[in-house]
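With PDB, C-alpha atoms and all ligand atoms inside, this is upload.pdb:
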ATOM      1  CA  MET A 244     101.286  58.033  95.765  1.00  0.00           C
ATOM      2  CA  THR A 245     103.288  61.163  96.447  1.00  0.00           C
ATOM      3  CA  ALA A 246     100.965  64.053  97.282  1.00  0.00           C
ATOM      4  CA  ALA A 247     102.676  66.749  95.208  1.00  0.00           C
ATOM      5  CA  CYS A 248     103.326  64.621  92.123  1.00  0.00           C
ATOM      6  CA  LEU A 249     101.337  65.507  88.984  1.00  0.00           C
ATOM      7  CA  PHE A 250     101.623  62.041  87.449  1.00  0.00           C
ATOM      8  CA  CYS A 251     100.536  60.350  90.714  1.00  0.00           C
ATOM      9  CA  LYS A 252      97.447  62.593  90.529  1.00  0.00           C
ATOM     10  CA  ILE A 253      96.763  61.552  86.919  1.00  0.00           C
ATOM     11  CA  VAL A 254      97.166  57.878  87.893  1.00  0.00           C
ATOM     12  CA  SER A 255      94.756  58.287  90.834  1.00  0.00           C
ATOM     13  CA  GLY A 256      92.254  60.288  88.754  1.00  0.00           C
ATOM     14  CA  GLU A 257      92.565  63.414  90.902  1.00  0.00           C
ATOM     15  CA  ILE A 258      93.746  65.266  87.770  1.00  0.00           C
ATOM     16  CA  LYS A 259      92.227  64.388  84.427  1.00  0.00           C
ATOM     17  CA  GLY A 260      94.446  62.853  81.787  1.00  0.00           C
ATOM     18  CA  GLU A 261      93.594  61.504  78.350  1.00  0.00           C
ATOM     19  CA  ILE A 262      94.232  57.924  79.383  1.00  0.00           C
ATOM     20  CA  VAL A 263      94.819  55.416  76.576  1.00  0.00           C
ATOM     21  CA  PHE A 264      95.873  52.380  78.644  1.00  0.00           C
ATOM     22  CA  ARG A 265      95.717  51.278  82.237  1.00  0.00           C
ATOM     23  CA  ASP A 266      96.355  48.095  84.203  1.00  0.00           C
ATOM     24  CA  ASP A 267      97.311  47.275  87.783  1.00  0.00           C
ATOM     25  CA  GLN A 268     100.945  48.308  87.226  1.00  0.00           C
ATOM     26  CA  ALA A 269     100.969  51.131  84.713  1.00  0.00           C
ATOM     27  CA  THR A 270      99.018  53.962  83.079  1.00  0.00           C
ATOM     28  CA  ALA A 271      99.503  55.630  79.686  1.00  0.00           C
ATOM     29  CA  PHE A 272      98.069  59.000  78.717  1.00  0.00           C
ATOM     30  CA  ARG A 273      98.550  61.578  75.963  1.00  0.00           C
ATOM     31  CA  ASP A 274     101.142  64.279  76.542  1.00  0.00           C
ATOM     32  CA  ILE A 275      99.459  67.670  77.106  1.00  0.00           C
ATOM     33  CA  ASN A 276     102.030  69.341  74.826  1.00  0.00           C
ATOM     34  CA  PRO A 277     102.640  66.828  72.025  1.00  0.00           C
ATOM     35  CA  VAL A 278     105.801  67.153  69.929  1.00  0.00           C
ATOM     36  CA  ALA A 279     104.760  64.469  67.426  1.00  0.00           C
ATOM     37  CA  PRO A 280     101.405  63.241  66.040  1.00  0.00           C
ATOM     38  CA  THR A 281     101.520  60.409  68.590  1.00  0.00           C
ATOM     39  CA  HIS A 282     102.975  61.469  71.942  1.00  0.00           C
ATOM     40  CA  ILE A 283     102.024  59.233  74.840  1.00  0.00           C
ATOM     41  CA  LEU A 284     103.536  59.039  78.328  1.00  0.00           C
ATOM     42  CA  ILE A 285     103.755  55.613  79.973  1.00  0.00           C
ATOM     43  CA  VAL A 286     104.184  55.655  83.743  1.00  0.00           C
ATOM     44  CA  PRO A 287     104.220  53.125  86.570  1.00  0.00           C
ATOM     45  CA  ASN A 288     101.258  53.501  88.930  1.00  0.00           C
ATOM     46  CA  GLN A 289     103.671  53.605  91.857  1.00  0.00           C
ATOM     47  CA  HIS A 290     105.824  56.685  92.361  1.00  0.00           C
ATOM     48  CA  ILE A 291     109.435  56.176  91.261  1.00  0.00           C
ATOM     49  CA  GLU A 292     111.417  59.373  90.794  1.00  0.00           C
ATOM     50  CA  SER A 293     113.702  58.460  87.896  1.00  0.00           C
ATOM     51  CA  VAL A 294     115.864  55.783  86.314  1.00  0.00           C
ATOM     52  CA  THR A 295     118.545  56.691  88.842  1.00  0.00           C
ATOM     53  CA  ALA A 296     116.175  55.869  91.707  1.00  0.00           C
ATOM     54  CA  LEU A 297     115.255  52.430  90.313  1.00  0.00           C
ATOM     55  CA  GLU A 298     115.696  49.387  92.523  1.00  0.00           C
ATOM     56  CA  SER A 299     116.416  45.909  91.188  1.00  0.00           C
ATOM     57  CA  LYS A 300     112.956  44.680  92.237  1.00  0.00           C
ATOM     58  CA  GLU A 301     111.458  47.200  89.788  1.00  0.00           C
ATOM     59  CA  GLU A 302     113.170  45.787  86.694  1.00  0.00           C
ATOM     60  CA  GLN A 303     110.117  43.742  85.704  1.00  0.00           C
ATOM     61  CA  LEU A 304     107.966  46.842  85.983  1.00  0.00           C
ATOM     62  CA  ILE A 305     110.188  48.808  83.601  1.00  0.00           C
ATOM     63  CA  GLY A 306     110.120  45.923  81.141  1.00  0.00           C
ATOM     64  CA  HIS A 307     106.342  46.083  81.377  1.00  0.00           C
ATOM     65  CA  LEU A 308     106.388  49.784  80.427  1.00  0.00           C
ATOM     66  CA  VAL A 309     108.403  48.934  77.304  1.00  0.00           C
ATOM     67  CA  ALA A 310     105.978  46.141  76.393  1.00  0.00           C
ATOM     68  CA  ILE A 311     103.031  48.555  76.769  1.00  0.00           C
ATOM     69  CA  ALA A 312     104.841  51.010  74.472  1.00  0.00           C
ATOM     70  CA  GLY A 313     105.113  48.301  71.823  1.00  0.00           C
ATOM     71  CA  GLN A 314     101.399  47.468  72.112  1.00  0.00           C
ATOM     72  CA  LEU A 315     100.395  51.135  71.953  1.00  0.00           C
ATOM     73  CA  ALA A 316     102.607  51.659  68.894  1.00  0.00           C
ATOM     74  CA  GLN A 317     100.573  48.914  67.207  1.00  0.00           C
ATOM     75  CA  SER A 318      97.195  50.325  68.261  1.00  0.00           C
ATOM     76  CA  GLU A 319      98.245  53.872  67.281  1.00  0.00           C
ATOM     77  CA  GLY A 320      99.284  52.632  63.843  1.00  0.00           C
ATOM     78  CA  ILE A 321     102.894  53.793  64.135  1.00  0.00           C
ATOM     79  CA  ALA A 322     104.630  50.442  64.621  1.00  0.00           C
ATOM     80  CA  GLU A 323     105.455  49.939  60.974  1.00  0.00           C
ATOM     81  CA  GLY A 324     106.696  53.486  60.358  1.00  0.00           C
ATOM     82  CA  GLY A 325     108.742  53.395  63.529  1.00  0.00           C
ATOM     83  CA  TYR A 326     108.779  55.298  66.772  1.00  0.00           C
ATOM     84  CA  ARG A 327     111.035  56.523  69.529  1.00  0.00           C
ATOM     85  CA  LEU A 328     110.991  55.776  73.271  1.00  0.00           C
ATOM     86  CA  ILE A 329     112.606  58.408  75.470  1.00  0.00           C
ATOM     87  CA  THR A 330     113.114  58.580  79.214  1.00  0.00           C
ATOM     88  CA  ASN A 331     114.665  61.863  80.259  1.00  0.00           C
ATOM     89  CA  THR A 332     116.636  61.572  83.475  1.00  0.00           C
ATOM     90  CA  GLY A 333     117.843  64.537  85.485  1.00  0.00           C
ATOM     91  CA  PRO A 334     118.397  68.203  84.624  1.00  0.00           C
ATOM     92  CA  ASP A 335     120.822  67.805  81.685  1.00  0.00           C
ATOM     93  CA  ALA A 336     118.246  65.615  79.928  1.00  0.00           C
ATOM     94  CA  GLY A 337     115.423  68.056  80.673  1.00  0.00           C
ATOM     95  CA  GLN A 338     113.395  65.879  83.053  1.00  0.00           C
ATOM     96  CA  THR A 339     110.636  68.139  84.379  1.00  0.00           C
ATOM     97  CA  ILE A 340     108.327  65.632  86.101  1.00  0.00           C
ATOM     98  CA  PHE A 341     110.051  63.483  88.683  1.00  0.00           C
ATOM     99  CA  HIS A 342     107.837  60.418  88.300  1.00  0.00           C
ATOM    100  CA  ILE A 343     109.593  58.068  85.902  1.00  0.00           C
ATOM    101  CA  HIS A 344     107.966  58.017  82.479  1.00  0.00           C
ATOM    102  CA  MET A 345     108.601  56.865  78.960  1.00  0.00           C
ATOM    103  CA  HIS A 346     107.687  59.104  76.027  1.00  0.00           C
ATOM    104  CA  LEU A 347     106.294  57.191  73.035  1.00  0.00           C
ATOM    105  CA  LEU A 348     106.789  59.412  69.982  1.00  0.00           C
ATOM    106  CA  GLY A 349     105.788  58.620  66.432  1.00  0.00           C
ATOM    107  CA  GLY A 350     103.723  59.438  63.398  1.00  0.00           C
ATOM    108  CA  GLN A 351     106.448  61.493  61.759  1.00  0.00           C
ATOM    109  CA  GLU A 352     110.078  61.055  60.789  1.00  0.00           C
ATOM    110  CA  MET A 353     112.143  61.731  63.902  1.00  0.00           C
ATOM    111  CA  LYS A 354     115.040  64.129  63.911  1.00  0.00           C
ATOM    112  CA  TYR A 355     118.458  62.532  64.149  1.00  0.00           C
ATOM    113  CA  PRO A 356     121.140  62.620  65.502  1.00  0.00           C
ATOM    114  CA  MET A 357     119.877  62.973  69.023  1.00  0.00           C
ATOM    115  CA  GLY A 358     121.535  65.063  71.701  1.00  0.00           C
TER     116      GLY A 358
HETATM  117  P1  LIG A 401     109.906  65.307  80.901  1.00  0.00           P
HETATM  118  O1  LIG A 401     110.326  66.681  80.466  1.00  0.00           O
HETATM  119  O2  LIG A 401     110.635  64.183  80.224  1.00  0.00           O
HETATM  120  O3  LIG A 401     109.922  65.191  82.413  1.00  0.00           O
HETATM  121  O4  LIG A 401     108.418  65.133  80.399  1.00  0.00           O
HETATM  122  C1  LIG A 401     107.310  65.626  81.065  1.00  0.00           C
HETATM  123  C2  LIG A 401     106.191  65.681  80.063  1.00  0.00           C
HETATM  124  O5  LIG A 401     104.969  65.816  80.780  1.00  0.00           O
HETATM  125  C3  LIG A 401     106.263  66.874  79.086  1.00  0.00           C
HETATM  126  O6  LIG A 401     106.331  66.377  77.747  1.00  0.00           O
HETATM  127  C4  LIG A 401     104.955  67.634  79.344  1.00  0.00           C
HETATM  128  O7  LIG A 401     104.374  68.159  78.174  1.00  0.00           O
HETATM  129  C5  LIG A 401     104.083  66.546  79.978  1.00  0.00           C
HETATM  130  N1  LIG A 401     103.010  67.025  80.842  1.00  0.00           N
HETATM  131  C6  LIG A 401     103.075  68.005  81.773  1.00  0.00           C
HETATM  132  N2  LIG A 401     101.882  68.146  82.387  1.00  0.00           N
HETATM  133  C7  LIG A 401     101.044  67.229  81.835  1.00  0.00           C
HETATM  134  C8  LIG A 401      99.675  66.868  82.032  1.00  0.00           C
HETATM  135  N3  LIG A 401      98.899  67.494  82.953  1.00  0.00           N
HETATM  136  N4  LIG A 401      99.143  65.883  81.268  1.00  0.00           N
HETATM  137  C9  LIG A 401      99.895  65.269  80.329  1.00  0.00           C
HETATM  138  N5  LIG A 401     101.190  65.540  80.107  1.00  0.00           N
HETATM  139  C10 LIG A 401     101.763  66.521  80.837  1.00  0.00           C
HETATM  140 ZN    ZN A 402     104.402  60.320  91.248  1.00  0.00          ZN
END

Please go through the file and, once you have read it, give me the structure as structure tokens.
Ligand code: AMP
Ligand code: ZN
Amino acid sequence: MTAACLFCKIVSGEIKGEIVFRDDQATAFRDINPVAPTHILIVPNQHIESVTALESKEEQLIGHLVAIAGQLAQSEGIAEGGYRLITNTGPDAGQTIFHIHMHLLGGQEMKYPMG
């Protein structure tokens, strides 16, 4: 837990989030400013700043976040239509919260090309 981190506070329950999944490694909650009908953030319970800060021992954890995204896509009813997983990293990508997270976006046709 990092004291100033918003997502650490949502994981710990200090700040309320609309939590849709939780286990001993990860938490998923609805984005406060959704950009698609389904917009969920999936985060590790431990504080990791970004993809750039990842250590090799955390590879399993990141795989777990992807697996949770797949399960949530099923339970949200967007698996068949398709969905997008996004992890913004650093200023050029628009990362605003420096606790690694995966956006699960779906429920509408996504704009393409990206970038
Ligand atoms: P990023 O820009 O990739 O770092 O994504 C951060 C996301 O966190 C944005 O989509 C915000 O809307 C979302 N967000 C910010 N504050 C909260 C909050 N209190 N609860 C849920 N989502 C939040
Ligand atoms: Zn954090």

Give as a CSV table (one decimal) with C-alpha atoms, in the frame of the given file the residues surrounding ligand ZN 402 (chain A) up to a distance of 8 Å, considering only C-alpha atoms and all ligand atoms.
chain,number,residue,atom,x,y,z
A,244,MET,CA,101.3,58.0,95.8
A,245,THR,CA,103.3,61.2,96.4
A,246,ALA,CA,101.0,64.1,97.3
A,247,ALA,CA,102.7,66.7,95.2
A,248,CYS,CA,103.3,64.6,92.1
A,249,LEU,CA,101.3,65.5,89.0
A,250,PHE,CA,101.6,62.0,87.4
A,251,CYS,CA,100.5,60.4,90.7
A,252,LYS,CA,97.4,62.6,90.5
A,288,ASN,CA,101.3,53.5,88.9
A,289,GLN,CA,103.7,53.6,91.9
A,290,HIS,CA,105.8,56.7,92.4
A,291,ILE,CA,109.4,56.2,91.3
A,292,GLU,CA,111.4,59.4,90.8
A,341,PHE,CA,110.1,63.5,88.7
A,342,HIS,CA,107.8,60.4,88.3
A,343,ILE,CA,109.6,58.1,85.9

The PyMOL selection byres (((not hetatm)) within 6 of (chain A and resi 401)) applied to the shown file, residues as number ranges by chain:
A: 260, 273-276, 331, 337-340

How many Å separate CA of His282 in chain A from CA of Ser299 in chain A?
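Computing it gives 28.2 Å between the two atoms.
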
Of the listed residues A:Ala279, A:Leu348, A:Ile258, A:Met357, that which approaches Ala316 in chain A most closely, counting only C-alpha atoms
A:Leu348

For His307 in chain A, which of A:Met345, A:Val263, A:Ala336, A:Ile329 is the closest residue, counting all atoms listed in the file?
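Under the stated criterion, the closest residue is A:Met345.
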
In terms of the shortest atom-to-atom distance over all atoms listed in the file, which of A:Leu284, A:Gly320, A:Ser293, A:His346 is closest to Pro334 in chain A?
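When distances to Pro334 in chain A are compared using all atoms listed in the file, the smallest one comes from A:Ser293.
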
Distance CA of Gly358 in chain A-CA of Ser318 in chain A, one decimal place?
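That distance, rounded to one decimal, is 28.7 Å.
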
Interatomic distance (Å, one decimal) between CA of Tyr326 in chain A and CA of Leu304 in chain A
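So the answer is 21.0 Å.
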